[in-house]
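Trainee: One structure coming up, written as structure tokens, with questions to follow.
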Amino acid sequence: MKRATYSQRGDSKLGVAAALVTIIGFVLGLPVTLVQLGVLGNVRVPGLPGAPVQVSALVHGTATLSVSSGSGPSGTEITLRGTGFGGGEQVEIRFHTEAIATARADGSGVFSGVHARIPGSFDAFAPQQFGIVATGESTERSASVPFQLTRVPGVTSTPTLSISSGSGPSGIEVTLSGAGFESGEAITIRFSTETIATAQADISGAFSGVQARIPGSFDAFAPQQFNITAIGQSSARSARVPFMLTR
């Protein structure tokens, strides 16, 4: 008895769509019946004479992904479950293009109880629907679910920065407030190119009461207008206000 393997991706000749069909074992000119998922059919192995071989299709199930919540603002905690992946393979989970978690499928290709947080990288596009996608690193099987990204209450579509005083000499202390940044991210505040303060955004992407001192590094250029800029370290979102440096 000879043994052969025939694999095909896509629609099989047995009418099973999007399956990996494996035909194992044949005896030249004699029909051989294989155990299958209840779907039988006759196919002729290319290049071999004789009667068609009666086969069964070993069909790998389609991967699925489910999420505990289908909508919310950035910062929302979600729990994910997937099935139909390769046994023991690592699965990468992305929100649109950004990786948010990894999982390890068990022997039956299932993972569950995987926690992830919706990132703030796409807040500027909210409200909008995005996809959460799980992809098996070995099998490349993937599954996705939609997620409706909503705006964080109080978060503007464009980051803003305000300052207690818009002019003065070096050494003056100013107080800064901002909004529209990613929830919880670290924010660097610069006077021109020099860092003068850092801040931490709250859950709504805002900060306030941050004190900074205007540096003396640019006194040689006074009087002149400079920018004070706040930059989110995770989201790269930025906002600026002008400051007139006087002598």
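Starting from 1 in every chain, residues are counted up; chains themselves are A, B, ... following the order of the structure tokens, and ligands are numbered from 1 as listed.
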Can you check which residues of segment 40-191 of chain A DSSP gives as strand (DSSP E) on the backbone and send them as a PyMOL selection string?
Mentor: chain A and resi 40-43+53-56+64-67+71-72+77-83+90-95+98-104+111-117+128-136+142-149+160-163+167-168+173-179+186-191
Trainee: Taking into account only C-alpha atoms, which residue in the set A:Met244, A:Ala126, A:Val114, A:Ala143 is nearest to Phe218 of chain A?
Mentor: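 For Phe218 of chain A, the nearest of the candidates is A:Met244.
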Trainee: May I have the residues within 10 Å of Thr193 of chain A as a ChimeraX atom specification, using only C-alpha atoms and disregarding those fewer than 3 positions away in the same chain?
Mentor: /A:189-190,196,226-229
Trainee: Keeping all heavy atoms for every residue in the selection just given, could you write it to a file as a short mmCIF file (atom, residue, chain, number, x, y, z; two decimals), in the first residue's frame?
Mentor:
data_model
loop_
_atom_site.label_atom_id
_atom_site.label_comp_id
_atom_site.auth_asym_id
_atom_site.auth_seq_id
_atom_site.Cartn_x
_atom_site.Cartn_y
_atom_site.Cartn_z
N ILE A 189 7.13 68.63 28.82
CA ILE A 189 6.84 70.03 28.49
C ILE A 189 8.17 70.73 28.23
O ILE A 189 9.09 70.68 29.06
CB ILE A 189 6.07 70.71 29.63
CG1 ILE A 189 4.75 69.97 29.87
CG2 ILE A 189 5.82 72.19 29.31
CD1 ILE A 189 4.02 70.40 31.11
N ARG A 190 8.26 71.39 27.07
CA ARG A 190 9.51 72.03 26.67
C ARG A 190 9.29 73.52 26.39
O ARG A 190 8.24 73.92 25.88
CB ARG A 190 10.07 71.37 25.41
CG ARG A 190 10.51 69.94 25.59
CD ARG A 190 11.30 69.46 24.38
NE ARG A 190 11.81 68.11 24.55
CZ ARG A 190 11.36 67.06 23.92
NH1 ARG A 190 10.37 67.20 23.06
NH2 ARG A 190 11.88 65.87 24.13
N ILE A 196 11.32 71.63 30.54
CA ILE A 196 11.16 72.43 31.76
C ILE A 196 10.22 71.78 32.77
O ILE A 196 10.18 72.20 33.94
CB ILE A 196 10.64 73.86 31.44
CG1 ILE A 196 9.30 73.80 30.68
CG2 ILE A 196 11.69 74.63 30.63
CD1 ILE A 196 8.66 75.17 30.48
N PHE A 226 8.81 82.54 21.88
CA PHE A 226 9.14 81.12 21.80
C PHE A 226 7.86 80.31 22.01
O PHE A 226 6.84 80.85 22.42
CB PHE A 226 10.18 80.74 22.86
CG PHE A 226 11.53 81.34 22.62
CD1 PHE A 226 11.84 82.61 23.09
CD2 PHE A 226 12.51 80.63 21.94
CE1 PHE A 226 13.09 83.17 22.87
CE2 PHE A 226 13.76 81.17 21.71
CZ PHE A 226 14.07 82.45 22.18
N ASN A 227 7.96 79.01 21.74
CA ASN A 227 6.83 78.12 22.00
C ASN A 227 7.09 77.25 23.21
O ASN A 227 8.20 76.75 23.41
CB ASN A 227 6.57 77.21 20.79
CG ASN A 227 5.91 77.94 19.65
OD1 ASN A 227 5.02 78.77 19.86
ND2 ASN A 227 6.32 77.63 18.43
N ILE A 228 6.05 77.08 24.03
CA ILE A 228 6.06 76.06 25.08
C ILE A 228 5.21 74.91 24.56
O ILE A 228 4.05 75.10 24.18
CB ILE A 228 5.50 76.61 26.40
CG1 ILE A 228 6.40 77.73 26.92
CG2 ILE A 228 5.39 75.49 27.44
CD1 ILE A 228 5.90 78.39 28.20
N THR A 229 5.79 73.72 24.51
CA THR A 229 5.15 72.57 23.87
C THR A 229 5.00 71.42 24.85
O THR A 229 5.93 71.09 25.59
CB THR A 229 5.97 72.09 22.65
OG1 THR A 229 6.21 73.20 21.78
CG2 THR A 229 5.23 71.00 21.89
#
Trainee: Could you name the residues that touch Val133 of chain A at 12 Å or less, counting only C-alpha atoms, but leaving out those on the same chain fewer than 3 positions away, as a ChimeraX atom specification?
Mentor: /A:63-67,80-82,91-102,130,136,140-147
Trainee: Just want the 12 Å neighbourhood of Ala197 of chain A, counted on only C-alpha atoms, with same-chain residues fewer than 3 positions away dropped. Output as a list in words.
Mentor: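 Residues meeting the cut-off are Glu173, Val174, Thr175, Leu176, Ser177, Ala186, Ile187, Thr188, Ile189, Arg190, Phe191, Glu194, Gln200, Gly209, Val210, Gln211, Ala212, Arg213, Ile214, Pro215, Ile228, Thr229, Ala230 and Ile231 of chain A.
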Trainee: Those residues with C-alpha atoms, as a PDB file, in the first residue's frame please?
Mentor:
ATOM      1  CA  GLU A 173       7.275  80.684  37.172  1.00  0.00           C
ATOM      2  CA  VAL A 174       4.290  79.639  35.072  1.00  0.00           C
ATOM      3  CA  THR A 175       1.466  77.152  35.638  1.00  0.00           C
ATOM      4  CA  LEU A 176       0.392  74.876  32.802  1.00  0.00           C
ATOM      5  CA  SER A 177      -2.730  72.853  32.041  1.00  0.00           C
ATOM      6  CA  ALA A 186       3.504  60.811  30.601  1.00  0.00           C
ATOM      7  CA  ILE A 187       3.839  64.272  29.073  1.00  0.00           C
ATOM      8  CA  THR A 188       7.043  66.229  28.475  1.00  0.00           C
ATOM      9  CA  ILE A 189       6.843  70.028  28.490  1.00  0.00           C
ATOM     10  CA  ARG A 190       9.505  72.034  26.670  1.00  0.00           C
ATOM     11  CA  PHE A 191      10.408  75.683  26.312  1.00  0.00           C
ATOM     12  CA  GLU A 194      14.630  72.615  26.561  1.00  0.00           C
ATOM     13  CA  GLN A 200       0.948  62.788  34.014  1.00  0.00           C
ATOM     14  CA  GLY A 209      -1.461  72.810  38.000  1.00  0.00           C
ATOM     15  CA  VAL A 210       1.934  71.870  36.563  1.00  0.00           C
ATOM     16  CA  GLN A 211       4.509  74.476  37.523  1.00  0.00           C
ATOM     17  CA  ALA A 212       7.587  75.303  35.477  1.00  0.00           C
ATOM     18  CA  ARG A 213      10.270  77.979  35.402  1.00  0.00           C
ATOM     19  CA  ILE A 214      11.233  79.812  32.210  1.00  0.00           C
ATOM     20  CA  PRO A 215      14.922  78.979  31.585  1.00  0.00           C
ATOM     21  CA  ILE A 228       6.060  76.061  25.077  1.00  0.00           C
ATOM     22  CA  THR A 229       5.148  72.567  23.867  1.00  0.00           C
ATOM     23  CA  ALA A 230       3.555  69.587  25.639  1.00  0.00           C
ATOM     24  CA  ILE A 231       4.211  66.181  24.017  1.00  0.00           C
TER      25      ILE A 231
END
Trainee: Can you measure atom CA of Gly75 of chain A to atom CA of Ala124 of chain A for me? One decimal in Å is fine.
Mentor: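 Rounded to one decimal, the two atoms are 14.1 Å apart.
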